[in-house]
Each structure stands twice: as C-alpha cells, then as structure tokens.
Amino acid sequence: MTGTPKITFIGAGSTVFMKNIIGDVLQRPALAGARIALMDINQQRLEESAIVARKLASTLGAPATVEIFTDQRKALEGAHFVVVAFQIGGYEPCTVTDFEVPKKYGLRQTIADTLGVGGIMRGLRTVPHLWKICEDILAVCPNAIMLQYVNPMAINTWAIAEKYPTIKQVGLCHSVQGTAMELAHDLDIPYDEIRYRSAGINHMAFYLAFEHRQPDGSYRNLYPDLVRAYREGRAPKPGWNPRCPNKVRYEMLTRLGYFVTESSEHFAEYTPYFIKEGREDLIEKFGIPLDEYPKRCIEQVARWKNQAEEYRTADKIEVKQSKEYASSIINSVWTGEPSVIYGNVRNNGCITSLPYNCAAEVPCLVDASGIQPTFIGDLPPQLTALIRTNINVQELTVKALMTENREHIYHAAMMDPHTAAELDLDQIWSLVDELLATHGDWLPEWARGNRKVQAA
C-alpha cells in the first residue's frame, strides 16, 4: 500500500501498552510517518498518552503525527488499522467485584480475566463495547483491520465474528512467544535457536513441536529435556514474579505430553485440579498465587504514578522493541513483507478437532493480502478434550450475548471446570445472581435484574 497509514488506538489511556505498540510501529521505516489517532474517554490519561507518543516520535526522529479524540467514530475515520486495548469497569469496581463476591462462596481465583465466573462477567461487560467499535468501523473505515488486545480474548473474538462477520479482526496475545522465551531460558538455550509450532485457543494453546536447531541444521525435540529438568528440580527457573513459580504447567506437561502457552497462574483456574477447598497442600506444592491479578493491579497503579511523572518531565523516552505482534502485522500488510504471527481468529476448520465457529489461536501468515490463518488438522485427543472444557464456557457466554438469554450465563458458570469443582448448583446460581446484581449498570440491560427461566 502507498501513502501514510492511519493507526487508531482505542483505549489509549493504557499509556504503557500504547507506548510499547506505538514505539514498535515508529521504529519501522515504512511506518515512521504514520498518522496516530489516540482515543479514550479519560481526558487526563489521553493527554498523558499523547505526550508520551509525541516524545517517542521525537526521540526516534519519526515524522509521525499524533491526534487525540474522545469521540470514537471521529477517531476511526479513515483508519487502516485499529488497535483496541481497554478494561471495562477497571480494577475498581469491576475486578474487585469479580474476586470478592466469589470468595464469599468459597470460590478462589488467580487472574479471573479469561474463564471462570470472572471471565464470564468480563465478557458480558466488554463485548457490547467491542460491538460498538465494530459498528463505527463499518460506518467510517470498513476495510480496517482490528488488532484486538482485550480479555477475555476468545469470548471477544468469537462474539465479534458471530455478530459482525465482515469485520477484519485478529485477537493478539504475547503468551506464545513469551512462554517460548521462558522455556529457552529454563534450558539455557538462546531463544533464536528455538523452533516451535503452537495451536489451540487463547491461553490454552499447546506447543505441538518445541525444538532446538542443531549445528548441522537439523532440529532436536526439547520435550524430553523439559521433563527431565522439571523432575530433577532444575526447571522452572525463577521468573519475573516470585509469587508465580510456574510449576503448574510443568506438572501438566508430565501428564499431557505438551506444554501450554499461558502462565501457570492462569492455567490453575482453567482446570479443576489445583485450587480445591481444603487442599492447601496443592496451593503450597504448586505455588498457586491466589488473588494474583488484584495484587498486580495495585502494583501497576502505584508504578504508573511515578512513571507518568517521569514521562511528563523527560525530554526523550527510551524505546525498546516489545514482543507484541501489532507492528509486525501493520508492517506486513502495508509493505507486503511477509511475517508469521500467532493470532486468534474464527476457527473455520483450521483445527479440525475443535468447533468450526470457535475462536482458535493458530499460526497466521501476514502479507499485503491480510491475515491468513494456517491449517493445523486434529490436535492430540487429550489436548482437544481439555480445550473443549474451556470452549463450552466461551460458547455459552457468546450465546448469552447473541440471544440476550440470561439463562445461558448460569449455564456458562455451571460448565466452568474450576467453578464446578468447588461449588454445587445452588451455590453457582446464587453466585451468578449476586455478581449480576453487584455489577449492575456495567452489564448490558438484559443481563441485569431478577432471574427468569426462559426456553433455550
């Protein structure tokens, strides 16, 4: 494509994330002159982000222009790419509600942003806002590609494809490349000597192959080395967060034969095996970080206060390449230079052992023709079976959103592996009642109020 790309960032008040994405974009020669449209409903955070974006451009000597908007549709006019990153309801009140109300019923969580009752509620809060973005895109930039960084990723991607099938969208996460880097570190192997292939759903994809390039150009399977390192106590090595020792995923590797791409703190609440009433021995043995996400939120708020002041007073802002896929996608579509990313898209038969309409995470080729998912075929049966337990929850949440049938919210919670391992049916229904009542206006109108039994 010729000319200057316009990149609209919805939720630009997420300043640190915006900085990473825009910093990546402006380091690419073909994108250095991009028109950056930053949009947020929080004027103060928006203005802080604009300062950062302009200082990034100045530091890099990039001729990019930066505009700010509080009107979403105006920000989207003429956009070629739309980056979306927001959290509806924020840490307070909504994340606090998603943790504190379930605790009253004895249901403990770690992250609660993808699956479980926390993920279901976040999906109900978030999808209607994503649908509004889709409506505006169809009105003012119908050919734009939506790069969606919002959780619950699989529910969001599925719901967008279901209601607005013509929207060009991909859900993006850094768990695939991030975990590959962790495993390379655990084995003391340079990351650039690793080759892998992953597939599944967001936060529950697995490395179907994880290999080390040899001096003669051949590749060696690293799974035996990972199992041996775990059994001998050499892995996992300490990571960035001492609260999260990553033992859950290594344990599951020894049971399934494959390593999952999202962190142990996430995976512990996607399965019924690790967080159990009266089993504090499991919490201790595997280092399960209960209430981890609220702790991170509090730390991030404190960190941001210092960071915001630093950015305001700095003449230049240091720019490092992040591991996010956005700039790679934008560059490949704009220039035609091909790249491969891991994206969340409508399955459409890529993974033949999973439902056709679910949101699958697969390798995608990106070039001037856009984002093209690659064919995987059947996953190993044990992986398919475990993934389906998560897809059940996603499917029922999307069904609730599409049909506005509140009963499916309760059905989704009933099918959740962790919730069902901890609570009985009366507890699950009462918990959902209380969550819906407490969230109130943060939810779409049809999801509020008293429970009424409806036919499917």
# chains A, B, ... in the order shown; residues from 1 in each chain; ligands from 1
>>> select_by_dssp(residues="range 178-422 of chain A", states="strand (DSSP E or B)", output="ChimeraX atom specification")
/A:194-201,204-213,219-221,260,339-346,351,359-367,370-373,377
>>> write_last_selection(atoms="C-alpha atoms", output="short mmCIF file (atom, residue, chain, number, x, y, z; two decimals), in the first residue's frame")
data_model
loop_
_atom_site.label_atom_id
_atom_site.label_comp_id
_atom_site.auth_asym_id
_atom_site.auth_seq_id
_atom_site.Cartn_x
_atom_site.Cartn_y
_atom_site.Cartn_z
CA ILE A 194 14.33 -22.40 19.11
CA ARG A 195 11.69 -23.51 16.61
CA TYR A 196 8.11 -24.16 17.70
CA ARG A 197 4.58 -24.67 16.41
CA SER A 198 1.61 -23.93 18.63
CA ALA A 199 -2.18 -24.26 18.30
CA GLY A 200 -5.33 -24.31 20.42
CA ILE A 201 -7.36 -21.45 21.89
CA MET A 204 -4.86 -22.77 26.22
CA ALA A 205 -2.76 -23.40 23.14
CA PHE A 206 0.00 -26.01 23.24
CA TYR A 207 3.38 -26.34 21.57
CA LEU A 208 2.83 -29.23 19.16
CA ALA A 209 6.56 -29.04 18.46
CA PHE A 210 9.29 -27.38 20.53
CA GLU A 211 12.75 -27.90 19.06
CA HIS A 212 16.39 -26.74 19.13
CA ARG A 213 18.31 -26.09 15.90
CA TYR A 219 16.23 -29.98 14.86
CA ARG A 220 16.09 -31.82 18.18
CA ASN A 221 12.88 -32.33 20.20
CA VAL A 260 0.67 -24.93 27.43
CA SER A 339 5.65 -12.34 8.58
CA VAL A 340 4.21 -15.09 10.74
CA ILE A 341 2.27 -14.33 13.92
CA TYR A 342 0.05 -16.26 16.31
CA GLY A 343 -3.47 -14.87 16.09
CA ASN A 344 -6.93 -15.55 17.48
CA VAL A 345 -9.41 -15.92 14.64
CA ARG A 346 -12.61 -17.79 13.82
CA ILE A 351 -8.15 -27.04 13.88
CA ALA A 359 -12.07 -18.73 18.33
CA ALA A 360 -8.83 -20.62 17.63
CA GLU A 361 -5.25 -19.46 18.17
CA VAL A 362 -3.11 -20.60 15.24
CA PRO A 363 -0.06 -19.52 13.23
CA CYS A 364 -1.05 -16.91 10.63
CA LEU A 365 0.78 -15.66 7.55
CA VAL A 366 0.56 -11.89 7.17
CA ASP A 367 1.28 -10.01 3.94
CA GLY A 370 -4.01 -9.52 5.18
CA ILE A 371 -4.01 -12.12 7.94
CA GLN A 372 -4.25 -15.70 6.68
CA PRO A 373 -4.63 -18.49 9.26
CA GLY A 377 -5.69 -30.50 11.48
#
>>> residues_around(residues="range 121-137 of chain A", least_positions_apart="2", cutoff="9 Å", atoms="only C-alpha atoms", output="CSV table (one decimal) with C-alpha atoms, in the first residue's frame")
chain,number,residue,atom,x,y,z
A,10,ILE,CA,-9.0,2.8,21.2
A,72,GLN,CA,-14.7,7.2,18.9
A,73,ARG,CA,-16.2,7.4,15.5
A,76,LEU,CA,-11.8,5.9,13.4
A,77,GLU,CA,-12.5,7.9,10.3
A,79,ALA,CA,-8.3,4.3,9.7
A,82,VAL,CA,-7.5,-0.2,14.8
A,84,VAL,CA,-8.1,-1.9,20.8
A,86,PHE,CA,-9.3,-1.3,27.3
A,87,GLN,CA,-10.8,-2.8,30.5
A,88,ILE,CA,-14.4,-2.1,31.0
A,89,GLY,CA,-15.1,-1.3,34.7
A,94,CYS,CA,-15.4,-4.5,38.5
A,95,THR,CA,-12.3,-6.6,39.0
A,98,ASP,CA,-15.2,-10.4,40.3
A,112,ALA,CA,-10.2,-14.2,36.6
A,113,ASP,CA,-10.0,-12.4,33.2
A,114,THR,CA,-10.4,-15.2,30.7
A,116,GLY,CA,-14.5,-18.8,35.2
A,117,VAL,CA,-17.1,-16.5,36.7
A,118,GLY,CA,-14.6,-13.6,36.4
A,119,GLY,CA,-14.0,-14.2,32.7
A,139,ALA,CA,-19.6,3.1,9.1
A,140,VAL,CA,-16.3,5.0,8.6
A,141,CYS,CA,-13.4,2.5,7.8
A,142,PRO,CA,-14.9,-0.8,6.7
A,143,ASN,CA,-11.6,-2.2,5.4
A,144,ALA,CA,-9.6,-1.5,8.5
A,146,MET,CA,-8.9,-4.6,14.1
A,150,VAL,CA,-8.7,-7.2,25.1
A,151,ASN,CA,-9.6,-10.0,27.5
A,152,PRO,CA,-11.4,-12.4,27.6
A,153,MET,CA,-9.8,-12.8,24.2
A,155,ILE,CA,-15.0,-14.8,24.0
A,156,ASN,CA,-14.4,-11.4,22.4
A,159,ALA,CA,-18.6,-12.7,19.7
A,160,ILE,CA,-17.2,-10.2,17.1
A,163,LYS,CA,-22.3,-10.6,15.1
A,164,TYR,CA,-20.1,-8.8,12.6
A,167,ILE,CA,-15.0,-7.2,10.3
A,394,GLN,CA,-16.9,-19.4,25.9
A,397,THR,CA,-21.2,-16.8,27.2
A,398,VAL,CA,-21.3,-15.8,23.5
A,400,ALA,CA,-26.0,-15.4,26.1
A,401,LEU,CA,-24.7,-12.2,24.4
A,409,ILE,CA,-24.9,-17.0,31.8
A,435,LEU,CA,-22.5,-11.0,40.5
A,436,LEU,CA,-25.1,-9.7,38.1
A,439,HIS,CA,-22.1,-5.3,38.6
A,442,TRP,CA,-21.7,-2.2,34.0
A,443,LEU,CA,-23.6,-5.0,32.3
A,444,PRO,CA,-26.0,-4.8,29.3
A,447,ALA,CA,-28.4,-9.2,31.9
>>> closest_residue(among="A:Glu292, A:Gln169, A:Trp446, A:Asp416", to="Glu404 in chain A", atoms="only C-alpha atoms")
A:Trp446
>>> residues_around(residues="Arg28 in chain A", least_positions_apart="3", cutoff="10 Å", atoms="only C-alpha atoms", output="ChimeraX atom specification")
/A:23-25,31-33,62,327-328,330-331
>>> residues_around(residues="Ala308 in chain A", least_positions_apart="4", cutoff="8 Å", atoms="only C-alpha atoms", output="ChimeraX atom specification")
/A:48,304,312
>>> residues_around(residues="range 230-242 of chain A", least_positions_apart="5", cutoff="12 Å", atoms="only C-alpha atoms", output="PyMOL selection string")
chain A and resi 178-179+181-188+223-225+247-254+263-265+286-289+292+295-296
>>> write_last_selection(atoms="C-alpha atoms", output="CSV table (one decimal), in the first residue's frame")
chain,number,residue,atom,x,y,z
A,178,GLY,CA,6.6,-15.1,25.8
A,179,THR,CA,6.4,-18.7,27.1
A,181,MET,CA,11.4,-17.3,25.7
A,182,GLU,CA,10.8,-18.6,29.3
A,183,LEU,CA,11.4,-22.3,28.2
A,184,ALA,CA,14.5,-21.3,26.3
A,185,HIS,CA,15.8,-19.6,29.4
A,186,ASP,CA,14.9,-22.7,31.6
A,187,LEU,CA,17.1,-24.8,29.3
A,188,ASP,CA,19.9,-22.3,28.8
A,223,TYR,CA,10.3,-32.1,25.4
A,224,PRO,CA,12.4,-34.8,27.0
A,225,ASP,CA,14.8,-32.1,28.2
A,247,LYS,CA,5.1,-25.3,38.4
A,248,VAL,CA,1.5,-26.0,37.2
A,249,ARG,CA,2.4,-26.0,33.6
A,250,TYR,CA,5.4,-28.3,34.1
A,251,GLU,CA,3.2,-30.7,36.0
A,252,MET,CA,0.7,-30.7,33.2
A,253,LEU,CA,3.5,-31.4,30.7
A,254,THR,CA,4.2,-34.6,32.5
A,263,SER,CA,1.2,-19.0,32.5
A,264,SER,CA,0.7,-21.4,35.5
A,265,GLU,CA,-1.3,-18.8,37.4
A,286,PHE,CA,2.4,-25.8,43.1
A,287,GLY,CA,2.8,-22.2,44.3
A,288,ILE,CA,-0.7,-21.2,43.2
A,289,PRO,CA,-0.9,-17.3,43.6
A,292,GLU,CA,-2.7,-12.5,41.9
A,295,LYS,CA,-2.2,-7.6,43.5
A,296,ARG,CA,-0.8,-6.7,40.1
>>> closest_residue(among="A:Asp291, A:Pro29, A:Trp334, A:Thr419", to="Glu100 in chain A", atoms="only C-alpha atoms")
A:Asp291
>>> select_by_dssp(residues="range 323-356 of chain A", states="helix (DSSP H, G or I)", output="ChimeraX atom specification")
/A:326-335
>>> write_last_selection(atoms="C-alpha atoms", output="PDB file, in the first residue's frame")
ATOM      1  CA  ALA A 326       0.934  -5.373  16.205  1.00  0.00           C
ATOM      2  CA  SER A 327       3.774  -3.574  14.409  1.00  0.00           C
ATOM      3  CA  SER A 328       4.738  -6.740  12.541  1.00  0.00           C
ATOM      4  CA  ILE A 329       1.166  -7.122  11.252  1.00  0.00           C
ATOM      5  CA  ILE A 330       0.833  -3.462  10.275  1.00  0.00           C
ATOM      6  CA  ASN A 331       4.218  -3.516   8.517  1.00  0.00           C
ATOM      7  CA  SER A 332       3.437  -6.721   6.599  1.00  0.00           C
ATOM      8  CA  VAL A 333       0.020  -5.551   5.413  1.00  0.00           C
ATOM      9  CA  TRP A 334       1.346  -2.109   4.477  1.00  0.00           C
ATOM     10  CA  THR A 335       4.563  -3.169   2.718  1.00  0.00           C
TER      11      THR A 335
END
